[in-house]
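Shown below: query.txt, with compact mmCIF, C-alpha atoms.
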# COMPACT_ATOMS: atom_id res chain seq x y z
CA MET A 1 28.79 75.96 26.50
CA ASN A 2 31.98 76.01 24.46
CA SER A 3 33.16 72.41 24.21
CA THR A 4 36.79 73.62 23.91
CA GLN A 5 36.68 74.33 27.66
CA PHE A 6 37.30 70.61 28.15
CA PRO A 7 40.38 68.71 26.91
CA VAL A 8 40.01 66.61 23.77
CA GLY A 9 39.59 62.92 24.52
CA ALA A 10 38.31 63.32 28.06
CA VAL A 11 35.78 61.10 29.77
CA VAL A 12 32.83 63.49 30.26
CA VAL A 13 30.24 62.93 33.00
CA ALA A 14 27.05 64.94 33.57
CA VAL A 15 26.05 65.80 37.15
CA ASP A 16 22.99 67.34 38.78
CA GLY A 17 23.49 66.62 42.48
CA SER A 18 21.48 63.38 42.45
CA GLU A 19 22.61 60.06 43.89
CA GLU A 20 22.47 58.57 40.39
CA ALA A 21 24.78 61.27 39.06
CA SER A 22 27.22 60.63 41.90
CA ARG A 23 27.25 56.95 40.91
CA ALA A 24 27.98 58.00 37.33
CA VAL A 25 30.92 60.13 38.54
CA SER A 26 32.41 57.14 40.37
CA TRP A 27 32.04 55.00 37.26
CA ALA A 28 33.47 57.69 34.97
CA ALA A 29 36.40 58.37 37.31
CA ARG A 30 37.29 54.69 37.35
CA ASP A 31 37.10 54.51 33.57
CA ALA A 32 39.26 57.64 33.19
CA GLN A 33 41.75 56.11 35.61
CA LEU A 34 41.89 52.85 33.66
CA GLU A 35 42.24 54.61 30.31
CA GLY A 36 44.72 57.24 31.50
CA ARG A 37 42.43 60.10 30.42
CA PRO A 38 41.28 63.31 32.09
CA LEU A 39 37.80 63.47 33.59
CA ALA A 40 35.49 66.35 32.66
CA VAL A 41 32.53 67.01 34.97
CA VAL A 42 29.69 69.19 33.65
CA HIS A 43 26.63 70.58 35.42
CA VAL A 44 23.96 71.36 32.83
CA GLY A 45 20.84 73.52 33.17
CA GLY A 46 18.78 74.00 36.30
CA ASN A 47 19.64 76.62 38.90
CA GLN A 48 23.15 77.72 38.10
CA ALA A 49 23.59 78.87 41.71
CA THR A 50 23.69 75.19 42.63
CA GLY A 51 26.41 74.48 40.08
CA PRO A 52 29.51 75.19 42.21
CA PRO A 53 28.54 72.97 45.17
CA VAL A 54 27.35 70.19 42.84
CA LEU A 55 30.63 70.32 40.93
CA ALA A 56 32.65 70.42 44.17
CA ASP A 57 30.88 67.30 45.40
CA ALA A 58 31.51 65.57 42.07
CA ILE A 59 35.20 66.43 42.16
CA ALA A 60 35.43 65.00 45.67
CA VAL A 61 33.76 61.76 44.52
CA ALA A 62 36.16 61.51 41.58
CA HIS A 63 39.20 62.01 43.80
CA GLU A 64 37.95 59.32 46.18
CA GLN A 65 38.36 56.98 43.21
CA ASP A 66 41.79 58.39 42.28
CA PRO A 67 43.37 61.32 44.20
CA GLU A 68 45.75 61.95 41.27
CA LEU A 69 43.03 62.06 38.58
CA ASP A 70 43.09 65.11 36.30
CA VAL A 71 39.58 66.55 36.80
CA HIS A 72 38.05 69.51 34.95
CA ALA A 73 34.66 70.95 36.01
CA ARG A 74 32.28 73.44 34.39
CA SER A 75 28.67 74.61 34.60
CA ALA A 76 26.67 75.19 31.43
CA THR A 77 23.34 76.74 30.48
CA GLY A 78 21.08 75.51 27.72
CA GLN A 79 19.15 72.39 26.85
CA PRO A 80 20.92 69.44 28.54
CA ALA A 81 20.71 67.12 25.52
CA GLU A 82 22.08 69.75 23.13
CA VAL A 83 24.94 70.67 25.47
CA LEU A 84 25.93 67.05 26.05
CA VAL A 85 25.77 66.13 22.36
CA GLU A 86 28.02 69.12 21.61
CA LEU A 87 30.48 67.95 24.25
CA SER A 88 30.46 64.47 22.71
CA GLU A 89 32.17 65.87 19.61
CA ARG A 90 35.45 66.19 21.55
CA ALA A 91 34.93 63.52 24.20
CA HIS A 92 36.24 59.98 24.26
CA LEU A 93 33.25 58.81 26.29
CA LEU A 94 30.10 60.43 27.73
CA VAL A 95 28.67 59.11 31.02
CA LEU A 96 25.19 59.73 32.43
CA GLY A 97 23.31 58.57 35.49
CA SER A 98 20.15 56.55 35.15
CA ARG A 99 18.07 59.33 36.66
CA GLY A 100 18.55 63.06 36.81
CA LEU A 101 18.82 65.10 33.61
CA GLY A 102 15.62 63.42 32.44
CA GLY A 103 17.10 59.94 32.60
CA VAL A 104 15.52 56.54 33.22
CA ARG A 105 12.54 56.75 35.57
CA SER A 106 10.34 53.84 36.58
CA ARG A 107 12.00 51.66 33.91
CA VAL A 108 11.06 54.14 31.16
CA LEU A 109 13.82 55.83 29.23
CA GLY A 110 13.57 59.62 29.46
CA SER A 111 13.89 62.11 26.64
CA VAL A 112 17.30 63.56 27.48
CA SER A 113 19.07 60.23 27.97
CA MET A 114 17.60 58.81 24.78
CA ALA A 115 18.38 61.96 22.78
CA VAL A 116 21.99 61.94 23.97
CA ALA A 117 22.37 58.21 23.37
CA ALA A 118 20.85 58.58 19.89
CA HIS A 119 22.86 61.59 18.70
CA ALA A 120 26.17 61.64 20.59
CA VAL A 121 29.30 61.40 18.46
CA CYS A 122 31.18 59.29 21.00
CA PRO A 123 30.06 56.20 22.92
CA VAL A 124 27.61 56.88 25.77
CA VAL A 125 27.47 54.94 29.04
CA ILE A 126 24.34 55.14 31.16
CA CYS A 127 24.94 53.84 34.69
CA ARG A 128 22.07 51.81 36.03
CA PRO A 129 21.70 51.45 39.82
CA THR A 130 23.18 48.30 41.35
CA ASP A 131 23.96 47.28 44.93
CA GLU A 132 27.57 46.40 44.10
CA PRO A 133 28.66 48.79 41.33
CA PHE A 134 32.08 47.27 40.71
CA ALA A 135 31.67 43.66 41.91
CA LYS A 136 31.06 42.16 38.45
CA THR A 137 32.79 39.31 36.67
CA ALA A 138 32.28 39.79 32.91
CA LEU A 139 31.12 42.05 30.08
CA VAL A 140 28.61 41.24 27.34
CA VAL A 141 28.22 42.71 23.84
CA GLY A 142 25.60 42.22 21.17
CA ALA A 143 27.07 41.43 17.75
CA ASP A 144 25.39 41.16 14.35
CA GLY A 145 28.52 40.13 12.44
CA SER A 146 28.45 43.16 10.14
CA GLU A 147 31.39 45.41 9.28
CA ASP A 148 29.42 48.39 10.61
CA SER A 149 29.44 46.86 14.09
CA LEU A 150 33.25 46.64 14.34
CA PRO A 151 33.51 49.79 16.52
CA VAL A 152 31.04 48.20 18.94
CA ILE A 153 33.04 45.00 19.17
CA GLU A 154 36.33 46.86 19.55
CA PHE A 155 34.90 49.04 22.32
CA ALA A 156 33.77 45.93 24.21
CA PHE A 157 37.14 44.18 23.80
CA ARG A 158 38.98 47.31 24.94
CA GLN A 159 36.81 47.66 28.03
CA ALA A 160 37.25 43.97 28.85
CA GLU A 161 41.02 44.35 28.51
CA LEU A 162 41.10 47.42 30.77
CA ARG A 163 39.06 45.65 33.43
CA GLN A 164 40.85 42.31 33.01
CA MET A 165 37.54 40.53 32.63
CA PRO A 166 36.15 37.99 30.17
CA LEU A 167 33.85 39.06 27.35
CA HIS A 168 30.67 37.32 26.20
CA VAL A 169 29.78 38.02 22.55
CA VAL A 170 26.13 37.31 21.79
CA HIS A 171 24.43 37.11 18.40
CA CYS A 172 20.62 37.11 18.44
CA TYR A 173 19.00 35.49 15.42
CA ALA A 174 15.40 36.24 16.38
CA ASP A 175 13.56 39.47 17.09
CA ALA A 176 10.30 40.44 18.75
CA SER A 177 8.30 39.91 15.54
CA THR A 178 9.57 36.39 14.79
CA ARG A 179 10.63 34.62 17.96
CA HIS A 180 7.12 33.46 18.88
CA TRP A 181 6.40 32.04 15.42
CA ARG A 182 7.61 28.87 13.76
CA ARG A 183 10.19 29.72 11.11
CA SER A 184 9.49 28.59 7.56
CA THR A 185 13.17 27.66 7.06
CA PRO A 186 15.59 26.18 9.60
CA VAL A 187 18.25 28.38 11.15
CA ASP A 188 21.78 27.64 9.96
CA LYS A 189 23.36 27.73 13.39
CA ASP A 190 26.69 26.40 12.15
CA GLY A 191 26.83 29.22 9.61
CA LEU A 192 25.91 31.77 12.27
CA ARG A 193 28.60 30.45 14.62
CA LEU A 194 31.18 30.72 11.84
CA MET A 195 30.05 34.26 11.03
CA LEU A 196 30.26 35.27 14.67
CA ALA A 197 33.72 33.74 15.08
CA GLU A 198 34.98 35.51 11.96
CA SER A 199 33.52 38.84 13.10
CA VAL A 200 35.61 38.83 16.29
CA ALA A 201 38.74 37.10 14.98
CA GLY A 202 40.60 40.35 14.38
CA MET A 203 39.70 41.69 17.83
CA ALA A 204 40.83 38.47 19.48
CA ASP A 205 44.24 38.94 17.82
CA LYS A 206 44.36 42.62 18.85
CA PHE A 207 43.37 41.90 22.46
CA PRO A 208 44.90 38.45 23.11
CA ASP A 209 44.53 38.66 26.89
CA VAL A 210 40.72 38.87 26.71
CA THR A 211 38.93 35.57 27.26
CA VAL A 212 36.04 35.41 24.79
CA THR A 213 32.87 33.33 24.83
CA LEU A 214 30.61 33.25 21.75
CA ARG A 215 26.90 32.56 22.07
CA LEU A 216 23.90 32.33 19.74
CA ASP A 217 20.54 33.29 21.22
CA ASN A 218 17.02 32.82 19.89
CA ASP A 219 15.64 35.86 21.70
CA THR A 220 15.45 39.63 21.48
CA VAL A 221 18.72 41.50 21.97
CA ALA A 222 17.44 43.18 25.13
CA GLU A 223 16.43 39.91 26.77
CA ALA A 224 19.56 38.06 25.66
CA LEU A 225 21.96 40.74 26.93
CA ASN A 226 20.15 41.35 30.19
CA ARG A 227 20.30 37.81 31.51
CA GLY A 228 23.16 35.52 32.38
CA MET A 229 25.85 36.80 34.75
CA ARG A 230 23.70 39.69 36.02
CA PRO A 231 24.55 42.30 36.88
CA TRP A 232 27.22 42.46 34.19
CA GLU A 233 30.22 44.75 34.49
CA MET A 234 28.91 46.36 31.31
CA VAL A 235 26.40 45.68 28.55
CA VAL A 236 27.55 46.97 25.15
CA VAL A 237 25.20 47.57 22.23
CA GLY A 238 25.52 49.32 18.89
CA ARG A 239 23.61 52.32 17.56
CA ARG A 240 22.78 52.81 13.91
CA ARG A 241 22.24 56.07 12.06
CA VAL A 242 19.24 58.21 13.04
CA SER A 243 17.64 59.37 9.78
CA ASP A 244 15.72 62.27 11.33
CA PRO A 245 17.98 64.48 13.48
CA HIS A 246 14.98 65.69 15.48
CA ARG A 247 13.87 62.21 16.54
CA GLU A 248 15.34 59.64 18.86
CA ARG A 249 15.74 56.16 17.46
CA PRO A 250 13.75 53.65 19.51
CA GLY A 251 14.51 49.97 19.44
CA THR A 252 17.45 47.89 20.60
CA ALA A 253 19.37 50.45 22.64
CA ALA A 254 16.24 51.75 24.36
CA ASP A 255 15.04 48.22 25.09
CA VAL A 256 18.39 47.21 26.56
CA LEU A 257 18.55 50.36 28.70
CA THR A 258 15.01 49.99 29.96
CA HIS A 259 15.54 46.46 31.25
CA SER A 260 19.19 46.50 32.31
CA ASP A 261 20.50 46.55 35.87
CA SER A 262 24.08 47.02 34.60
CA PRO A 263 25.89 49.98 33.05
CA VAL A 264 24.97 50.13 29.36
CA ALA A 265 27.36 51.42 26.68
CA ILE A 266 25.78 52.61 23.42
CA VAL A 267 28.42 52.75 20.69
CA PRO A 268 27.91 54.43 17.28
CA GLU A 269 28.36 51.97 14.44
CA LEU A 270 30.16 52.81 11.20
CA GLY A 271 28.04 55.13 9.08
CA THR A 272 26.92 57.25 12.05
CA THR A 273 28.53 60.56 12.97
CA ALA A 274 31.25 58.93 15.06
CA PRO A 275 34.81 59.90 14.02
CA GLU A 276 37.81 57.65 14.12
CA PRO A 277 39.23 57.23 17.64
CA HIS A 278 42.26 59.42 16.95
CA GLN A 279 39.95 62.34 16.14
CA ARG A 280 38.60 62.25 19.70
CA GLY A 281 42.06 62.46 21.20
CA ALA A 282 44.57 59.79 22.08
CA SER A 283 44.82 58.47 25.60
CA ARG A 284 47.88 59.04 27.71
CA LYS A 285 48.45 55.28 27.87
CA GLU A 286 49.11 53.27 24.75
CA PRO A 287 47.19 50.01 24.43
CA SER A 288 49.23 47.01 25.37

What's the structure tokens form of this structure?
Amino acid sequence: MNSTQFPVGAVVVAVDGSEEASRAVSWAARDAQLEGRPLAVVHVGGNQATGPPVLADAIAVAHEQDPELDVHARSATGQPAEVLVELSERAHLLVLGSRGLGGVRSRVLGSVSMAVAAHAVCPVVICRPTDEPFAKTALVVGADGSEDSLPVIEFAFRQAELRQMPLHVVHCYADASTRHWRRSTPVDKDGLRLMLAESVAGMADKFPDVTVTLRLDNDTVAEALNRGMRPWEMVVVGRRRVSDPHRERPGTAADVLTHSDSPVAIVPELGTTAPEPHQRGASRKEPS
């Protein structure tokens, strides 16, 4: 599929006729509405004869969210992960359901979803099933305090601003290999709190209307982000560079996705293939 068939900077959502994909369309349509961006719906692989009715249903779902939403729809042949990663080069955001297209099944992350999340140029949101998809009260983001993670923090602040919801910023100072063992040196929690506060100071100035809570957690990232005010409006986590382009990177993002009952956003950190935001197309609404 030629990615130029969709407008630059669109919110792109993959559909396959499943209930999970329909949920992803609703989520993507709401996000496109909030951001003032077009929505691009793509049906990838499978029986192409089913493409037109699947796309028609998706368009109807999107217009239930916003009758005035600018929706573009296309079918595509090829490997789903490859097609979606190609589309991510021009997209603002890529949205997938938690099943369908090889997604999350029985709490195990499937190959297509992980490949897309690992290699997409833009942020990827995977919508996990919940009983009340939009009845949430806050967002949560994992932060390591590094400069590379700034795009992750900014994405979370921007989403919190759009949704007019508070943001919880969590720094985990233990991982699966250390949290069950006594540390040889004490943790400098005051230093970690200062680091965390400094890492979000610029974002707090840029998004002054977002109420921010900072938290240290002596647990794995997946466990820390997937508890609290569950289900969250969104769980945001960063993605580092994948050294081998033919392999998916396991670890934090996969762990968070596997255990989450909230939509999960996986945002490329600095040093990955992600371009600057203006290279993916500006939104029709300027940030306030």

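Note that the spacing between atom CA of A:Val41 and atom CA of A:Val8 amounts to 13.5 Å.
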
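Between atom CA of A:Ala60 and atom CA of A:Cys127 lies a distance of 18.8 Å.
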
How many Å lie between atom CA of A:Asp70 and atom CA of A:Leu93, rounded to one decimal? 15.4 Å

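Between A:Ala265 and the residues A:Ser146, A:Gln159, A:Gln164, A:Thr220, the shortest atom-to-atom distance, using all atoms listed in the file, involves A:Gln159.
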
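Minimum distance to A:Val236 across A:Phe157, A:Tyr173, A:Phe6, A:Phe207 (counting all atoms listed in the file) occurs at A:Phe157.
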
Residue neighbourhood stretch 77-90 of chain A, 6 Å, all atoms listed in the file, exclusion window fewer than 2 positions, as a PyMOL selection string: chain A and resi 3+8+44-45+112+116+120-122+280

Rank nothing, just name the residue among A:Glu35, A:Asp255, A:Asp144, A:Glu161 nearest to A:Thr211, using all atoms listed in the file. A:Glu161

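Comparing the minimum interatomic distances between A:Glu233 and each of A:Ala156, A:Leu96, A:Leu34, A:Ala29, counting all atoms listed in the file, we find that A:Ala156 sits nearest.
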
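Each of A:Leu214, A:Ser26, A:Ala21, A:Asp31 was checked against A:Val54 using only C-alpha atoms; the smallest atom-to-atom distance is that of A:Ala21.
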
Here's a test: counting only C-alpha atoms, identify every protein, DNA and RNA residue with an atom at most 10 Å from (26.9, 39.2, 32.4) in the file's coordinate frame, and state them as a PyMOL selection string. chain A and resi 136-141+166-168+225-235+262

Distance cut-off 12 Å, centre (24.7, 31.9, 10.9) in file coordinates, counting only C-alpha atoms: which residues qualify? Return them as JSON, numbers by chain. {"A": [143, 144, 145, 146, 171, 172, 173, 174, 186, 187, 188, 189, 190, 191, 192, 193, 194, 195, 196, 197, 198, 199, 215, 216, 217, 218]}

Pick from A:Arg30, A:Arg128, A:His119, A:Arg158: nearest to A:Ala204, with all atoms listed in the file counted? A:Arg158
